[in-house]
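Okay, so here's the structure we're looking at.
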Amino acid sequence: MYEKVIEFKWIYLIKLFHDVILSHFPPENDTLFRSKQMVDNKAPRTYLHCHLNMKKIQMEQERLMELERDNRLLVSRIARTMGTKGGLDNWNEYQAKPSVNADLRNRELVKISLENQAILKKINMTKSVYDHRTWLDDFKVSRGYVNRLLKYPEQPILPKQHKILNLV
């Protein structure tokens with residue numbers, strides 16, 4: 001309903017414009033109709049850099065080029081593998097360079113091993129200065145001294161009698 005009221009209002013205003021205002025201008029003086037519009041109602045200019053992200057396109061192209069290169073390498077490897085009979089293709093052709101000090105180190109090793117053998121021979125030929133029998137005798141004497149000083153002397157420890165088990 002409201003839209004119809006507005007529509008009628010516009011129709012009335014247009015008729016008023018034609019009847020009243022245009023009647024003041026003679027038809028030979030069409031300056032009103034020949035005048036150009038003053039309001040720019042065109043769409044704004046569109047700039048290319050706003051719609052195209054050149055850096056993104058460049059990075060995408062670089063990624064695609066790298067993928068294509070990797071694919072070519074893989075295809076060549078697969079073709080080479082398919083063309084062979086399945087033998088070993090990773091031979092290690094490394095040869096160690098002779099060391100400058102190898103001779104000197106070998107001589108030192110021989111010298112050290114001879115010294116070690118001489119020391120071992122000396123150790124095996126010497127008699128032991130430790131005698132466990134004299135240690136046991138000294139222990140018994142010192143234990144006797146301790147027992148004399150004690151109020152309640154130690155009871156001698158008798159050897160245990162082993163029971164014989166009859167498993168029959």
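Here's how to read the names in the structure tokens: chain A, B, ... by the order shown, residue numbers from 1 in each chain, ligand numbers from 1 in the order shown.
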
Report the residues of segment 76-138 of chain A whose backbone DSSP state falls under helix (DSSP H, G or I), written as a ChimeraX atom specification.
-> /A:76-83,102-125,132-138
